[in-house]
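Chemist: What follows is run17.txt; its format and atoms are compact mmCIF, C-alpha atoms.
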```txt
# COMPACT_ATOMS: atom_id res chain seq x y z
CA MET T 1 -62.82 -38.79 22.49
CA PHE T 2 -60.25 -39.92 19.93
CA VAL T 3 -60.94 -43.27 18.22
CA ASP T 4 -58.50 -44.91 15.83
CA ALA T 5 -57.79 -48.30 14.31
CA ALA T 6 -54.81 -50.05 12.74
CA PHE T 7 -55.82 -52.54 10.07
CA ALA T 8 -54.87 -56.24 10.34
CA THR T 9 -51.99 -55.78 12.78
CA HIS T 10 -52.31 -59.19 14.45
CA PRO T 11 -51.22 -62.62 13.11
CA ASP T 12 -54.88 -63.67 12.92
CA ALA T 13 -55.57 -60.58 10.72
CA LYS T 14 -57.61 -58.79 13.38
CA SER T 15 -57.18 -55.04 13.77
CA GLN T 16 -56.31 -52.93 16.81
CA THR T 17 -58.50 -50.17 18.30
CA GLY T 18 -57.20 -47.23 20.31
CA VAL T 19 -59.37 -44.89 22.38
CA ALA T 20 -58.34 -41.78 24.32
CA VAL T 21 -60.82 -39.69 26.33
CA PHE T 22 -59.87 -36.19 27.43
CA MET T 23 -61.56 -33.52 29.50
CA GLY T 24 -59.89 -30.35 28.33
CA GLU T 25 -56.23 -31.31 28.11
CA ALA T 26 -56.41 -33.92 30.88
CA LEU T 27 -56.38 -37.56 29.83
CA LEU T 28 -59.15 -39.40 31.66
CA PHE T 29 -59.09 -42.79 29.96
CA ALA T 30 -57.02 -44.62 27.37
CA ALA T 31 -57.41 -48.13 25.98
CA SER T 32 -55.88 -50.31 23.32
CA ARG T 33 -57.87 -53.40 22.34
CA LYS T 34 -57.72 -56.10 19.73
CA GLN T 35 -60.91 -56.07 17.66
CA LYS T 36 -63.16 -59.10 18.05
CA CYS T 37 -63.76 -59.63 14.33
CA VAL T 38 -61.68 -59.61 11.16
CA SER T 39 -62.23 -56.68 8.81
CA LYS T 40 -61.60 -56.62 5.07
CA SER T 41 -60.28 -53.06 4.79
CA PRO T 42 -58.89 -50.17 6.84
CA THR T 43 -62.25 -48.41 6.49
CA ASP T 44 -64.04 -51.43 7.93
CA SER T 45 -61.64 -51.56 10.89
CA GLU T 46 -62.20 -47.82 11.55
CA LEU T 47 -65.99 -48.37 11.41
CA ILE T 48 -65.70 -51.25 13.89
CA ALA T 49 -63.61 -49.09 16.25
CA LEU T 50 -66.10 -46.23 16.02
CA SER T 51 -69.22 -48.33 16.50
CA ASP T 52 -67.69 -50.28 19.39
CA ASN T 53 -67.10 -47.03 21.28
CA ILE T 54 -70.32 -45.06 20.67
CA GLN T 55 -72.04 -46.29 23.83
CA PHE T 56 -68.84 -45.82 25.81
CA ALA T 57 -68.66 -42.19 24.69
CA GLU T 58 -72.28 -41.58 25.74
CA LEU T 59 -71.82 -43.27 29.12
CA PHE T 60 -68.62 -41.35 29.79
CA ALA T 61 -70.36 -38.04 28.99
CA GLU T 62 -73.23 -38.95 31.32
CA PHE T 63 -70.78 -39.89 34.07
CA ILE T 64 -68.87 -36.61 33.73
CA ALA T 65 -72.13 -34.63 33.83
CA PHE T 66 -73.17 -36.54 36.96
CA ILE T 67 -69.96 -36.12 38.96
CA MET T 68 -69.58 -32.48 37.88
CA ASN T 69 -73.28 -31.82 38.53
CA THR T 70 -73.63 -30.13 35.14
CA LYS T 71 -75.79 -30.43 32.06
CA TYR T 72 -75.08 -33.38 29.76
CA ILE T 73 -72.96 -32.35 26.79
CA LYS T 74 -73.00 -34.74 23.85
CA PRO T 75 -69.61 -36.28 23.24
CA MET T 76 -67.38 -35.21 20.36
CA ILE T 77 -65.67 -38.14 18.66
CA TYR T 78 -62.62 -37.39 16.55
CA GLU T 79 -62.08 -39.67 13.55
CA ASP T 80 -59.27 -39.58 10.99
CA CYS T 81 -60.96 -41.67 8.29
CA THR T 82 -63.00 -39.55 5.88
CA ALA T 83 -64.50 -42.68 4.31
CA VAL T 84 -66.07 -43.70 7.63
CA ILE T 85 -67.34 -40.19 8.26
CA SER T 86 -68.96 -40.18 4.81
CA LEU T 87 -70.52 -43.60 5.40
CA VAL T 88 -72.17 -42.57 8.66
CA THR T 89 -73.18 -39.04 7.68
CA GLU T 90 -74.13 -39.38 4.01
CA GLY T 91 -74.75 -43.10 3.69
CA GLY T 92 -73.94 -44.97 0.51
CA GLY T 93 -70.64 -46.68 0.00
CA VAL T 94 -70.08 -50.40 -0.13
CA VAL T 95 -70.86 -52.21 3.10
CA ARG T 96 -69.92 -55.81 2.37
CA THR T 97 -71.57 -57.65 5.20
CA LYS T 98 -74.65 -57.45 7.36
CA HIS T 99 -72.70 -56.92 10.59
CA LEU T 100 -70.89 -53.90 9.11
CA ARG T 101 -74.16 -52.48 7.78
CA VAL T 102 -75.60 -52.78 11.29
CA ARG T 103 -72.55 -50.99 12.73
CA MET T 104 -72.89 -48.20 10.15
CA GLU T 105 -76.59 -47.78 10.96
CA LEU T 106 -75.85 -47.72 14.71
CA VAL T 107 -73.53 -44.75 14.26
CA LYS T 108 -75.88 -43.04 11.79
CA GLN T 109 -78.75 -43.36 14.27
CA ALA T 110 -76.69 -41.88 17.10
CA LEU T 111 -75.84 -38.92 14.85
CA GLN T 112 -79.43 -38.45 13.66
CA GLU T 113 -80.69 -38.54 17.25
CA ASN T 114 -78.09 -35.89 18.11
CA ARG T 115 -76.52 -38.11 20.80
CA ILE T 116 -72.96 -37.72 19.48
CA GLU T 117 -70.89 -35.55 17.17
CA ILE T 118 -68.18 -36.77 14.84
CA GLU T 119 -65.45 -34.50 13.56
CA TYR T 120 -62.60 -35.18 11.16
CA ILE T 121 -59.10 -34.80 12.51
CA ASN T 122 -55.91 -35.14 10.50
CA THR T 123 -54.04 -38.41 11.08
CA LYS T 124 -51.00 -36.47 12.35
CA GLN T 125 -53.23 -35.01 15.12
CA MET T 126 -54.92 -38.33 15.99
CA ILE T 127 -53.85 -38.83 19.60
CA ALA T 128 -55.16 -42.44 19.69
CA ASP T 129 -52.77 -43.44 16.88
CA GLY T 130 -50.12 -44.43 19.40
CA LEU T 131 -52.60 -46.82 21.01
CA THR T 132 -52.96 -48.83 17.80
CA LYS T 133 -49.35 -49.38 16.78
CA ALA T 134 -45.77 -48.82 17.84
CA LEU T 135 -44.45 -45.32 17.19
CA GLU T 136 -40.85 -44.25 16.88
CA GLY T 137 -38.86 -41.04 17.11
CA GLU T 138 -40.71 -37.74 16.88
CA ASP T 139 -44.10 -39.48 16.45
CA PHE T 140 -43.61 -41.22 19.81
CA VAL T 141 -42.51 -38.01 21.54
CA VAL T 142 -45.61 -36.16 20.29
CA PHE T 143 -47.85 -39.07 21.37
CA ALA T 144 -46.29 -39.24 24.84
CA GLU T 145 -46.55 -35.46 25.31
CA ASN T 146 -50.24 -35.53 24.33
CA MET T 147 -51.02 -38.43 26.64
CA LEU T 148 -49.05 -37.04 29.58
CA GLY T 149 -50.10 -33.43 29.05
CA THR T 150 -46.51 -32.26 29.30
CA THR T 151 -43.41 -31.71 27.21
CA MET T 152 -40.58 -34.18 27.25
CA ALA T 153 -37.16 -32.61 27.82
```
Show me, as structure tokens, the structure contained in the file I just sent.

Modeler:
Amino acid sequence: MFVDAAFATHPDAKSQTGVAVFMGEALLFAASRKQKCVSKSPTDSELIALSDNIQFAELFAEFIAFIMNTKYIKPMIYEDCTAVISLVTEGGGVVRTKHLRVRMELVKQALQENRIEIEYINTKQMIADGLTKALEGEDFVVFAENMLGTTMA
């Protein structure tokens, strides 16, 4: 699962979340949603995107295991914000509000209970980036090829 956010992209200063779920190279689900709350920084918007999609990742993995009649495999979530990864794996940092602290602890708990995995991925490889903002030129072509699982001629 690829989870990304674009900070304060809407007139009301709310951010945009993008989620792309793959099984192998096949796209199974993609979504682009406006976040429900205003964040004060790009890190906060990435944390909101991640925490909003933890349960979705777990449910999707359970569903795949059920329909494939296989053992449950904990979902891998790709994140391109090292600050968020540090917050949820090492703790610390500055969490300005109670609701963001709760979100951080939700993700930390899921990691500690071994229900999910989070791995850093370079922003250039973040497939969900195109679900958070408009892309042009080569960036759009790469996004479309990743989403469609094909090359554009």

Chemist: Just the number, please: distance in Å from CA of Gly24 (chain T) to CA of Asp139 (chain T), one decimal.

Modeler: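 CA of Gly24 (chain T) sits 21.8 Å away from CA of Asp139 (chain T).
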
Chemist: Need to verify the contact set: region 70-83 of chain T, 8 Å, all atoms listed in the file, exclusion of same-chain residues closer than 5 positions in sequence. Can you return it as a list in words?

Modeler: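 Final neighbour list, sorted by chain and number: Met1, Phe2, Val3, Asp4, Thr43, Glu46, Ala57, Glu58, Ala61, Glu62, Ala65, Asn114, Arg115, Ile116, Glu117, Ile118, Glu119, Tyr120, Ile121, Asn122, Thr123 and Met126 of chain T.
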
Chemist: Expressed in Å to a single decimal, how great is the separation between CA of Ser39 (chain T) and CA of Lys108 (chain T)?

Modeler: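 Spanning CA of Ser39 (chain T) to CA of Lys108 (chain T) is a straight-line distance of 19.5 Å.
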
Chemist: When you count all atoms listed in the file, which of these residues is closest to Leu50 (chain T): T:Ile127, T:Ala5, T:Met68, T:Val142?

Modeler: T:Ala5

Chemist: Would you mind reading off the distance between CA of Asn69 (chain T) and CA of Ala26 (chain T), one decimal, in Å?

Modeler: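 Calculated distance between CA of Asn69 (chain T) and CA of Ala26 (chain T) is 18.6 Å.
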
Chemist: First collect every listed atom of region 50-57 of chain T; then fit an axis-aligned box around them, widen it by 8 Å on each side, and give centre and edge lengths in Å to one decimal, as AutoDock Vina command-line options.

Modeler:
```
--center_x -69.1 --center_y -46.2 --center_z 20.9 --size_x 21.9 --size_y 24.1 --size_z 25.8
```

Chemist: Region 101-135 of chain T from the block above, N, CA, C and O atoms, as a tab-separated table (two decimals), in the first residue's frame, please?

Modeler:
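Output below, filename result-v9.tsv:
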```
chain	number	residue	atom	x	y	z
T	101	ARG	N	-1.26	13.49	18.46
T	101	ARG	CA	-0.58	12.56	19.36
T	101	ARG	C	-1.31	11.21	19.36
T	101	ARG	O	-0.69	10.15	19.33
T	102	VAL	N	-2.63	11.26	19.35
T	102	VAL	CA	-3.43	10.03	19.30
T	102	VAL	C	-3.16	9.29	17.99
T	102	VAL	O	-2.99	8.07	17.98
T	103	ARG	N	-3.11	10.01	16.88
T	103	ARG	CA	-2.83	9.39	15.58
T	103	ARG	C	-1.45	8.73	15.58
T	103	ARG	O	-1.26	7.63	15.07
T	104	MET	N	-0.45	9.44	16.13
T	104	MET	CA	0.90	8.89	16.20
T	104	MET	C	0.91	7.61	17.02
T	104	MET	O	1.50	6.60	16.62
T	105	GLU	N	0.23	7.62	18.16
T	105	GLU	CA	0.20	6.44	19.03
T	105	GLU	C	-0.56	5.27	18.38
T	105	GLU	O	-0.20	4.12	18.57
T	106	LEU	N	-1.57	5.58	17.59
T	106	LEU	CA	-2.31	4.53	16.86
T	106	LEU	C	-1.38	3.78	15.92
T	106	LEU	O	-1.38	2.54	15.89
T	107	VAL	N	-0.58	4.52	15.18
T	107	VAL	CA	0.35	3.89	14.24
T	107	VAL	C	1.45	3.15	15.00
T	107	VAL	O	1.81	2.02	14.65
T	108	LYS	N	1.98	3.77	16.06
T	108	LYS	CA	3.02	3.12	16.86
T	108	LYS	C	2.51	1.79	17.43
T	108	LYS	O	3.23	0.79	17.43
T	109	GLN	N	1.29	1.78	17.91
T	109	GLN	CA	0.71	0.56	18.48
T	109	GLN	C	0.58	-0.53	17.42
T	109	GLN	O	0.90	-1.69	17.66
T	110	ALA	N	0.13	-0.17	16.23
T	110	ALA	CA	0.00	-1.15	15.15
T	110	ALA	C	1.37	-1.74	14.80
T	110	ALA	O	1.48	-2.94	14.54
T	111	LEU	N	2.40	-0.92	14.82
T	111	LEU	CA	3.76	-1.40	14.55
T	111	LEU	C	4.25	-2.31	15.67
T	111	LEU	O	4.82	-3.38	15.43
T	112	GLN	N	4.05	-1.88	16.91
T	112	GLN	CA	4.51	-2.66	18.07
T	112	GLN	C	3.80	-4.01	18.15
T	112	GLN	O	4.40	-5.00	18.58
T	113	GLU	N	2.54	-4.05	17.75
T	113	GLU	CA	1.77	-5.30	17.77
T	113	GLU	C	2.03	-6.13	16.52
T	113	GLU	O	1.39	-7.15	16.30
T	114	ASN	N	2.93	-5.65	15.66
T	114	ASN	CA	3.33	-6.37	14.46
T	114	ASN	C	2.16	-6.60	13.50
T	114	ASN	O	2.11	-7.61	12.81
T	115	ARG	N	1.23	-5.64	13.46
T	115	ARG	CA	0.07	-5.75	12.57
T	115	ARG	C	0.34	-5.16	11.19
T	115	ARG	O	-0.35	-5.48	10.22
T	116	ILE	N	1.32	-4.25	11.12
T	116	ILE	CA	1.68	-3.60	9.86
T	116	ILE	C	3.20	-3.45	9.79
T	116	ILE	O	3.89	-3.60	10.80
T	117	GLU	N	3.68	-3.13	8.60
T	117	GLU	CA	5.07	-2.74	8.41
T	117	GLU	C	5.07	-1.42	7.65
T	117	GLU	O	4.20	-1.19	6.81
T	118	ILE	N	6.02	-0.57	7.98
T	118	ILE	CA	6.17	0.69	7.26
T	118	ILE	C	7.59	0.74	6.71
T	118	ILE	O	8.54	0.44	7.41
T	119	GLU	N	7.67	1.11	5.44
T	119	GLU	CA	8.98	1.19	4.80
T	119	GLU	C	9.09	2.51	4.06
T	119	GLU	O	8.14	2.95	3.40
T	120	TYR	N	10.27	3.11	4.15
T	120	TYR	CA	10.52	4.36	3.42
T	120	TYR	C	10.66	4.07	1.94
T	120	TYR	O	11.24	3.08	1.52
T	121	ILE	N	10.08	4.98	1.15
T	121	ILE	CA	10.25	4.92	-0.29
T	121	ILE	C	10.52	6.35	-0.77
T	121	ILE	O	9.92	7.31	-0.27
T	122	ASN	N	11.44	6.49	-1.68
T	122	ASN	CA	11.79	7.80	-2.21
T	122	ASN	C	10.58	8.45	-2.85
T	122	ASN	O	9.76	7.77	-3.48
T	123	THR	N	10.46	9.76	-2.71
T	123	THR	CA	9.31	10.50	-3.26
T	123	THR	C	9.14	10.25	-4.76
T	123	THR	O	8.01	10.16	-5.25
T	124	LYS	N	10.23	10.10	-5.50
T	124	LYS	CA	10.13	9.85	-6.94
T	124	LYS	C	9.49	8.49	-7.24
T	124	LYS	O	8.97	8.28	-8.32
T	125	GLN	N	9.54	7.57	-6.27
T	125	GLN	CA	8.96	6.23	-6.45
T	125	GLN	C	7.58	6.12	-5.81
T	125	GLN	O	6.96	5.05	-5.88
T	126	MET	N	7.10	7.19	-5.17
T	126	MET	CA	5.82	7.16	-4.47
T	126	MET	C	4.69	7.18	-5.49
T	126	MET	O	4.35	8.21	-6.07
T	127	ILE	N	4.10	6.01	-5.72
T	127	ILE	CA	3.05	5.86	-6.72
T	127	ILE	C	1.81	6.69	-6.39
T	127	ILE	O	1.17	7.24	-7.28
T	128	ALA	N	1.50	6.86	-5.10
T	128	ALA	CA	0.30	7.60	-4.70
T	128	ALA	C	0.45	9.11	-4.87
T	128	ALA	O	-0.51	9.85	-4.68
T	129	ASP	N	1.63	9.58	-5.24
T	129	ASP	CA	1.86	11.02	-5.42
T	129	ASP	C	0.89	11.64	-6.42
T	129	ASP	O	0.37	12.72	-6.21
T	130	GLY	N	0.62	10.92	-7.49
T	130	GLY	CA	-0.29	11.42	-8.51
T	130	GLY	C	-1.74	11.46	-8.07
T	130	GLY	O	-2.59	12.04	-8.75
T	131	LEU	N	-2.04	10.88	-6.91
T	131	LEU	CA	-3.40	10.92	-6.36
T	131	LEU	C	-3.58	12.10	-5.42
T	131	LEU	O	-4.67	12.33	-4.91
T	132	THR	N	-2.51	12.85	-5.18
T	132	THR	CA	-2.59	13.98	-4.25
T	132	THR	C	-2.49	15.34	-4.93
T	132	THR	O	-2.83	16.35	-4.35
T	133	LYS	N	-1.99	15.34	-6.14
T	133	LYS	CA	-1.83	16.60	-6.87
T	133	LYS	C	-1.72	16.33	-8.37
T	133	LYS	O	-1.47	15.20	-8.78
T	134	ALA	N	-1.88	17.38	-9.14
T	134	ALA	CA	-1.77	17.25	-10.59
T	134	ALA	C	-0.31	17.07	-10.98
T	134	ALA	O	0.57	17.74	-10.43
T	135	LEU	N	-0.06	16.15	-11.88
T	135	LEU	CA	1.29	15.91	-12.39
T	135	LEU	C	1.33	16.28	-13.86
T	135	LEU	O	0.34	16.17	-14.57
```
